[in-house]
Amino acid sequence: MEDYRGSCMREGGRSNQDPTGNIERAPLTIGEDPEEHVLRTINDEFGKSVEGSERVRAGLIRARLARDSLYDACKLLRDDLGFEHLSMISAVDYPDRFEIVYHINSYQSNIMLELIVKLPKDDPTVDSISSIWGGANWNERESYDLMGIVFNDHPKLERILLPKDTMYHPLRKDFRM
Amino acid sequence: MWINMGPQHPMTHGLWNLRVKVDGETIVDAEPEVGYLHRGIEKICENRTYPQIIPLADRLCYGSSLTWSHLYCMTVEDLMGVEVPERAEYIRVVTLEMQRLASHLMWLAAYAVDLGMMAGFIYSMRDREVLVDLLQSLSGSRLTYNYPRIGGVAHDLPPNWDREALRACNYIETRLKEYEDLYEGSKIFMMRNVDVGLLTKEDALDLGVTGPPLRASGVRYDMRKDRPYSVYSDLDFEVCSRPEGDCFARYRVRIDEMWESCKIIRQAIQRMPKGKWRTVAPRNAPVGTGLGRVEDPRGEGMMYVVGDGSDKPYRLKIRSPIFITVSAAPSMLVGYKMADVVAIMGGLDMCIGECDR
């Protein structure tokens with residue numbers, strides 16, 4: 001192939017990454033099931049604030065967490081347990097509470113973690129995790145826009161899908177169509 | 001100086017706005033703005049019964065509508081605990097891969113015309129027609145198919161459809177070889193692609209980029225292989241990835257995926273069993289949650305549904321891959337020239353329908 005590098009405008013050029021692109025599927029702890037390991041670590045580190053954890057099916061585990069320890073738990077998940085991809089943040093408006101559901105995926109051990117945080121109706125605020133996963137930024141803005149959840153320390157908490165002067169949060173159940 | 005590229009701009013492929021801050025010709029900052037096509041689909045879904053949402057899910061993305069209605073059905077099947085007959089799963093895989101081919105061909109056409117290559121546009125759209133015609137003979141419509149159902153597919157394959165599908169595969173494969181020569185033989189195409197829009201592996205993982213852009217940045221992860229759904233675990237195909245992370249790598253990954261899609265269609269048609277293609281799904285869903293996750297042509301599509309025992313979903317959350325990928329655009333754009341914006345954003349395969357929902 002001809003060399004087309006003359007068009008490169010940024011320092012560095014083509015990166016020298018691992019040419020195979022394979023993900024190293026190293027077991028987190030040898031001899032232990034990775035899903036059990038994740039559940040046990042969360043329970044050990046945040047025992048008091050874990051309100052329940054279970055294995056839903058192969059590859060999917062669920063944990064309920066108090067909102068105060070969300071940030072620390074996410075930091076532990078990314079740095080120590082290898083959850084490098086935040087898939088989705090969903091906010092659900094139940095009659096007595098808000099729930100935020102974080103779906104966090106690990107490419108290494110191929111596990112999806114469903115992290116549920118309960119928020120009271122009169123104070124729907126939670127710490128932002130966009131400094132841990134950059135992908136959380138727009139997810140959180142969307143939850144703020146459509147559901148009115150306030151994320152503390154978010155770099156730019158503005159409406160994203162609706163116009164800036166909208167007065168309501170349409171996915172709340174008290175907003176009638 | 002801030003420049004608005006959009007909402008009406010030939011580069012945008014739909015209504016969205018890219019604000020770029022330039023210093024001379026060089027981009028120093030960028031900020032995408034979306035929301036022009038927000039239709040409130042998540043809210044509409046809360047007021048519709050479960051089967052009524054299937055055509056709505058189709059309208060999420062005009063480029064690959066079948067993936068979204070399939071994902072919706074998969075999610076609700078997970079919530080209701082419905083088993084899908086094996087023949088229906090094979091029919092779904094065949095149609096999904098055809099949809100992937102059609103979507104990638106439409107991207108290729110738009111990308112060619114972005115980079116000023118009209119011939120590429122005409123050829124790709126002509127060949128996409130073969131697949132769209134097949135899907136039309138199957139479902140009756142050309143863009144939003146409304147074909148999957150909760151618990152199977154709407155109806156069986158028409159007579160001789162499988163033979164026509166195999167012929168279409170052969171046709172597409174001969175054409176793919178021509179595309180490779182046409183595109184990669186063009187010096188201008190190569191100069192505008194190679195080493196443009198670099199996205200490192202670390203950035204891609206941090207910003208939540210999925211699908212072809214992630215695989216082009218050196219992460220070999222494909223849901224069809226690593227977390228198989230439907231009957232993908234029985235089929236033999238390769239995960240396409242490239243280590244470079246530039247626009248050319250993203251183009252190459254999509255071309256390679258089209259070869260693999262042809263392989264998958266052939267195998268699925270050969271292995272397709274006879275039998276039922278649909279089971280009866282209950283009208284009401286139980287109290288609980290369901291999760292669906294597929295490899296959309298653009299990345300990781302996900303839905304999360306909450307059932308409350310009635311015949312309508314309490315909440316349906318949709319994860320759009322492009323919504324997250326476009327939020328990562330600044331990290332690809334900064335440092336390049338204004339003229340590269342078209343190549344970089346075109347290489348992401350924007351679809352505003354699913355992005356704004």
# chains A, B, ... in the order shown; residues from 1 in each chain; ligands from 1

call {"tool": "residues_around", "arguments": {"residues": "A:Ser69", "least_positions_apart": "2", "cutoff": "10 Å", "atoms": "only C-alpha atoms", "output": "list in words"}}
result
Phe46, Lys48, Ser49, Val50, Leu65, Ala66, Arg67, Tyr71, Asp72, Ala73, Cys74, Val117 and Asp127 of chain A

call {"tool": "select_by_dssp", "arguments": {"residues": "stretch 47-158 of chain A", "states": "helix (DSSP H, G or I)", "output": "number ranges by chain"}}
result
A: 67-79, 136-147

call {"tool": "select_by_dssp", "arguments": {"residues": "stretch 27-205 of chain B", "states": "strand (DSSP E or B)", "output": "list of chain:residue names"}}
result
B:Ile27, B:Val28, B:Asp29, B:Ala30, B:Glu31, B:Pro32, B:Glu33, B:Pro148, B:Arg149, B:Gly152, B:Val153

call {"tool": "closest_atom_pairs", "arguments": {"of": "chain B", "to": "chain A", "cutoff": "6 Å", "atoms": "only C-alpha atoms", "output": "JSON lines"}}
result
{"residue": "B:Gly35", "atom": "CA", "partner": "A:Leu161", "partner_atom": "CA", "distance": 3.9}
{"residue": "B:Met191", "atom": "CA", "partner": "A:Tyr4", "partner_atom": "CA", "distance": 5.7}
{"residue": "B:Asp195", "atom": "CA", "partner": "A:Cys8", "partner_atom": "CA", "distance": 5.3}
{"residue": "B:Asp206", "atom": "CA", "partner": "A:Trp133", "partner_atom": "CA", "distance": 5.4}
{"residue": "B:Leu207", "atom": "CA", "partner": "A:Gly135", "partner_atom": "CA", "distance": 4.1}
{"residue": "B:Gly208", "atom": "CA", "partner": "A:Gly135", "partner_atom": "CA", "distance": 4.6}
{"residue": "B:Gly218", "atom": "CA", "partner": "A:Gly21", "partner_atom": "CA", "distance": 4.5}
{"residue": "B:Val219", "atom": "CA", "partner": "A:Gly21", "partner_atom": "CA", "distance": 5.1}
{"residue": "B:Arg220", "atom": "CA", "partner": "A:Gly21", "partner_atom": "CA", "distance": 5.3}
{"residue": "B:Pro243", "atom": "CA", "partner": "A:Pro19", "partner_atom": "CA", "distance": 5.2}
{"residue": "B:Glu244", "atom": "CA", "partner": "A:Arg14", "partner_atom": "CA", "distance": 5.8}
{"residue": "B:Gly335", "atom": "CA", "partner": "A:Arg10", "partner_atom": "CA", "distance": 5.7}
{"residue": "B:Tyr336", "atom": "CA", "partner": "A:Met9", "partner_atom": "CA", "distance": 5.6}

call {"tool": "atom_distance", "arguments": {"atom1": "atom CA of B:Gly275", "atom2": "atom CA of B:Arg100"}}
result
25.7 Å

call {"tool": "residues_around", "arguments": {"residues": "stretch 327-334 of chain B", "least_positions_apart": "5", "cutoff": "8 Å", "atoms": "only C-alpha atoms", "output": "ChimeraX atom specification"}}
result
/A:135,138 /B:26-32,197-199,203-204,207,209,341,344-345

call {"tool": "write_last_selection", "arguments": {"atoms": "N, CA and C atoms", "output": "tab-separated table (two decimals), in the first residue's frame"}}
result
chain	number	residue	atom	x	y	z
A	135	GLY	N	-18.13	8.36	29.16
A	135	GLY	CA	-19.38	8.06	28.48
A	135	GLY	C	-20.61	8.37	29.31
A	138	TRP	N	-23.09	12.31	28.70
A	138	TRP	CA	-24.34	12.57	27.98
A	138	TRP	C	-25.48	11.75	28.54
B	26	THR	N	-7.31	25.01	11.87
B	26	THR	CA	-7.19	23.88	12.79
B	26	THR	C	-8.31	23.92	13.83
B	27	ILE	N	-8.86	22.75	14.14
B	27	ILE	CA	-9.93	22.65	15.13
B	27	ILE	C	-9.31	22.59	16.51
B	28	VAL	N	-9.74	23.48	17.40
B	28	VAL	CA	-9.22	23.42	18.76
B	28	VAL	C	-10.27	22.94	19.76
B	29	ASP	N	-11.54	23.00	19.39
B	29	ASP	CA	-12.58	22.50	20.28
B	29	ASP	C	-13.80	22.19	19.43
B	30	ALA	N	-14.65	21.31	19.94
B	30	ALA	CA	-15.85	20.96	19.19
B	30	ALA	C	-16.94	20.60	20.17
B	31	GLU	N	-18.17	20.80	19.75
B	31	GLU	CA	-19.29	20.51	20.64
B	31	GLU	C	-20.50	20.10	19.80
B	32	PRO	N	-20.86	18.83	19.80
B	32	PRO	CA	-22.05	18.42	19.06
B	32	PRO	C	-23.32	18.82	19.82
B	197	GLY	N	-8.69	11.51	12.04
B	197	GLY	CA	-9.69	11.17	13.05
B	197	GLY	C	-9.25	10.07	13.99
B	198	LEU	N	-8.04	10.19	14.48
B	198	LEU	CA	-7.51	9.13	15.33
B	198	LEU	C	-8.27	9.05	16.66
B	199	LEU	N	-8.69	7.85	17.03
B	199	LEU	CA	-9.34	7.61	18.32
B	199	LEU	C	-8.56	6.49	18.99
B	203	ASP	N	-9.24	6.20	24.83
B	203	ASP	CA	-10.35	7.15	24.68
B	203	ASP	C	-11.63	6.42	24.32
B	204	ALA	N	-11.52	5.47	23.40
B	204	ALA	CA	-12.72	4.76	22.97
B	204	ALA	C	-13.38	4.05	24.14
B	207	LEU	N	-14.89	6.74	26.69
B	207	LEU	CA	-16.04	7.51	26.24
B	207	LEU	C	-17.22	6.63	25.87
B	209	VAL	N	-17.56	4.42	23.46
B	209	VAL	CA	-17.78	4.18	22.03
B	209	VAL	C	-17.94	2.67	21.81
B	341	VAL	N	-13.43	17.39	8.93
B	341	VAL	CA	-14.65	17.16	9.72
B	341	VAL	C	-15.60	16.24	8.97
B	344	ILE	N	-14.40	12.66	9.17
B	344	ILE	CA	-14.44	12.07	10.51
B	344	ILE	C	-15.88	11.78	10.92
B	345	MET	N	-16.76	12.78	10.76
B	345	MET	CA	-18.13	12.57	11.20
B	345	MET	C	-18.86	11.61	10.27

call {"tool": "decode", "arguments": {"residues": "stretch 47-148 of chain A", "atoms": "C-alpha atoms", "output": "PDB file, in the first residue's frame"}}
result
ATOM      1  CA  GLY A  47     -21.120  -4.066  53.134  1.00  0.00           C
ATOM      2  CA  LYS A  48     -23.185  -1.490  54.956  1.00  0.00           C
ATOM      3  CA  SER A  49     -24.487   0.303  51.906  1.00  0.00           C
ATOM      4  CA  VAL A  50     -25.289  -2.760  49.782  1.00  0.00           C
ATOM      5  CA  GLU A  51     -29.033  -3.306  50.001  1.00  0.00           C
ATOM      6  CA  GLY A  52     -29.049  -6.545  48.088  1.00  0.00           C
ATOM      7  CA  SER A  53     -27.053  -8.346  45.447  1.00  0.00           C
ATOM      8  CA  GLU A  54     -27.852 -11.330  43.300  1.00  0.00           C
ATOM      9  CA  ARG A  55     -26.936 -13.180  40.169  1.00  0.00           C
ATOM     10  CA  VAL A  56     -29.771 -12.769  37.662  1.00  0.00           C
ATOM     11  CA  ARG A  57     -28.457 -15.124  34.989  1.00  0.00           C
ATOM     12  CA  ALA A  58     -25.106 -16.064  33.523  1.00  0.00           C
ATOM     13  CA  GLY A  59     -23.215 -12.866  32.778  1.00  0.00           C
ATOM     14  CA  LEU A  60     -25.649 -10.517  34.506  1.00  0.00           C
ATOM     15  CA  ILE A  61     -25.450  -9.566  38.178  1.00  0.00           C
ATOM     16  CA  ARG A  62     -27.488  -7.032  40.063  1.00  0.00           C
ATOM     17  CA  ALA A  63     -26.651  -4.959  43.120  1.00  0.00           C
ATOM     18  CA  ARG A  64     -28.587  -2.315  45.019  1.00  0.00           C
ATOM     19  CA  LEU A  65     -26.508   0.403  46.582  1.00  0.00           C
ATOM     20  CA  ALA A  66     -27.069   3.402  48.837  1.00  0.00           C
ATOM     21  CA  ARG A  67     -26.429   6.618  46.970  1.00  0.00           C
ATOM     22  CA  ASP A  68     -23.679   7.903  49.258  1.00  0.00           C
ATOM     23  CA  SER A  69     -21.267   5.186  48.237  1.00  0.00           C
ATOM     24  CA  LEU A  70     -22.031   5.218  44.526  1.00  0.00           C
ATOM     25  CA  TYR A  71     -18.973   7.202  43.480  1.00  0.00           C
ATOM     26  CA  ASP A  72     -16.519   5.098  45.483  1.00  0.00           C
ATOM     27  CA  ALA A  73     -18.115   1.884  44.293  1.00  0.00           C
ATOM     28  CA  CYS A  74     -17.837   2.956  40.657  1.00  0.00           C
ATOM     29  CA  LYS A  75     -14.209   3.895  41.131  1.00  0.00           C
ATOM     30  CA  LEU A  76     -13.532   0.457  42.588  1.00  0.00           C
ATOM     31  CA  LEU A  77     -15.420  -1.191  39.746  1.00  0.00           C
ATOM     32  CA  ARG A  78     -13.388   0.510  37.052  1.00  0.00           C
ATOM     33  CA  ASP A  79      -9.975   0.475  38.668  1.00  0.00           C
ATOM     34  CA  ASP A  80      -9.902  -2.887  40.430  1.00  0.00           C
ATOM     35  CA  LEU A  81     -12.590  -5.051  38.874  1.00  0.00           C
ATOM     36  CA  GLY A  82     -12.066  -4.126  35.234  1.00  0.00           C
ATOM     37  CA  PHE A  83     -15.458  -2.668  34.357  1.00  0.00           C
ATOM     38  CA  GLU A  84     -14.263  -0.334  31.637  1.00  0.00           C
ATOM     39  CA  HIS A  85     -17.469   0.348  29.750  1.00  0.00           C
ATOM     40  CA  LEU A  86     -20.527   2.185  31.035  1.00  0.00           C
ATOM     41  CA  SER A  87     -23.362   1.106  28.786  1.00  0.00           C
ATOM     42  CA  MET A  88     -26.435   2.925  29.933  1.00  0.00           C
ATOM     43  CA  ILE A  89     -27.962   5.018  32.701  1.00  0.00           C
ATOM     44  CA  SER A  90     -31.734   4.705  33.026  1.00  0.00           C
ATOM     45  CA  ALA A  91     -33.896   6.660  35.430  1.00  0.00           C
ATOM     46  CA  VAL A  92     -37.250   5.175  36.460  1.00  0.00           C
ATOM     47  CA  ASP A  93     -40.019   7.100  38.203  1.00  0.00           C
ATOM     48  CA  TYR A  94     -41.791   4.764  40.667  1.00  0.00           C
ATOM     49  CA  PRO A  95     -44.752   5.995  42.727  1.00  0.00           C
ATOM     50  CA  ASP A  96     -42.684   6.274  45.908  1.00  0.00           C
ATOM     51  CA  ARG A  97     -39.129   6.778  44.654  1.00  0.00           C
ATOM     52  CA  PHE A  98     -36.792   7.356  41.739  1.00  0.00           C
ATOM     53  CA  GLU A  99     -34.414   4.619  40.713  1.00  0.00           C
ATOM     54  CA  ILE A 100     -31.294   5.078  38.659  1.00  0.00           C
ATOM     55  CA  VAL A 101     -30.049   1.937  36.963  1.00  0.00           C
ATOM     56  CA  TYR A 102     -26.447   1.825  35.802  1.00  0.00           C
ATOM     57  CA  HIS A 103     -25.536  -0.915  33.349  1.00  0.00           C
ATOM     58  CA  ILE A 104     -21.802  -1.359  33.518  1.00  0.00           C
ATOM     59  CA  ASN A 105     -19.988  -3.850  31.341  1.00  0.00           C
ATOM     60  CA  SER A 106     -16.617  -5.498  31.621  1.00  0.00           C
ATOM     61  CA  TYR A 107     -14.951  -6.475  28.368  1.00  0.00           C
ATOM     62  CA  GLN A 108     -12.304  -8.511  30.187  1.00  0.00           C
ATOM     63  CA  SER A 109     -14.504 -10.818  32.214  1.00  0.00           C
ATOM     64  CA  ASN A 110     -17.587 -10.297  29.995  1.00  0.00           C
ATOM     65  CA  ILE A 111     -19.949  -9.501  32.866  1.00  0.00           C
ATOM     66  CA  MET A 112     -22.761  -6.967  32.906  1.00  0.00           C
ATOM     67  CA  LEU A 113     -23.466  -5.355  36.270  1.00  0.00           C
ATOM     68  CA  GLU A 114     -26.806  -3.740  36.986  1.00  0.00           C
ATOM     69  CA  LEU A 115     -26.298  -1.192  39.731  1.00  0.00           C
ATOM     70  CA  ILE A 116     -29.493   0.264  41.184  1.00  0.00           C
ATOM     71  CA  VAL A 117     -29.592   3.390  43.317  1.00  0.00           C
ATOM     72  CA  LYS A 118     -32.760   4.574  45.020  1.00  0.00           C
ATOM     73  CA  LEU A 119     -33.474   8.299  45.312  1.00  0.00           C
ATOM     74  CA  PRO A 120     -36.214   9.951  47.381  1.00  0.00           C
ATOM     75  CA  LYS A 121     -38.926  11.838  45.510  1.00  0.00           C
ATOM     76  CA  ASP A 122     -38.239  15.162  47.166  1.00  0.00           C
ATOM     77  CA  ASP A 123     -34.469  15.148  46.676  1.00  0.00           C
ATOM     78  CA  PRO A 124     -33.485  13.400  43.405  1.00  0.00           C
ATOM     79  CA  THR A 125     -29.762  14.116  43.490  1.00  0.00           C
ATOM     80  CA  VAL A 126     -26.837  11.758  43.111  1.00  0.00           C
ATOM     81  CA  ASP A 127     -23.098  12.102  42.519  1.00  0.00           C
ATOM     82  CA  SER A 128     -22.012  12.326  38.922  1.00  0.00           C
ATOM     83  CA  ILE A 129     -19.744   9.537  37.694  1.00  0.00           C
ATOM     84  CA  SER A 130     -18.717  11.262  34.481  1.00  0.00           C
ATOM     85  CA  SER A 131     -15.217  11.766  35.839  1.00  0.00           C
ATOM     86  CA  ILE A 132     -14.873   7.963  36.086  1.00  0.00           C
ATOM     87  CA  TRP A 133     -16.378   7.056  32.710  1.00  0.00           C
ATOM     88  CA  GLY A 134     -16.480   9.845  30.140  1.00  0.00           C
ATOM     89  CA  GLY A 135     -19.377   8.061  28.478  1.00  0.00           C
ATOM     90  CA  ALA A 136     -21.577   8.875  31.475  1.00  0.00           C
ATOM     91  CA  ASN A 137     -21.577  12.563  30.579  1.00  0.00           C
ATOM     92  CA  TRP A 138     -24.343  12.568  27.983  1.00  0.00           C
ATOM     93  CA  ASN A 139     -26.229   9.763  29.703  1.00  0.00           C
ATOM     94  CA  GLU A 140     -26.514  11.887  32.824  1.00  0.00           C
ATOM     95  CA  ARG A 141     -27.506  14.966  30.871  1.00  0.00           C
ATOM     96  CA  GLU A 142     -30.280  12.940  29.287  1.00  0.00           C
ATOM     97  CA  SER A 143     -31.547  11.720  32.662  1.00  0.00           C
ATOM     98  CA  TYR A 144     -31.496  15.302  33.921  1.00  0.00           C
ATOM     99  CA  ASP A 145     -33.318  16.538  30.847  1.00  0.00           C
ATOM    100  CA  LEU A 146     -36.093  13.979  30.694  1.00  0.00           C
ATOM    101  CA  MET A 147     -36.444  12.900  34.329  1.00  0.00           C
ATOM    102  CA  GLY A 148     -35.093  15.815  36.348  1.00  0.00           C
TER     103      GLY A 148
END
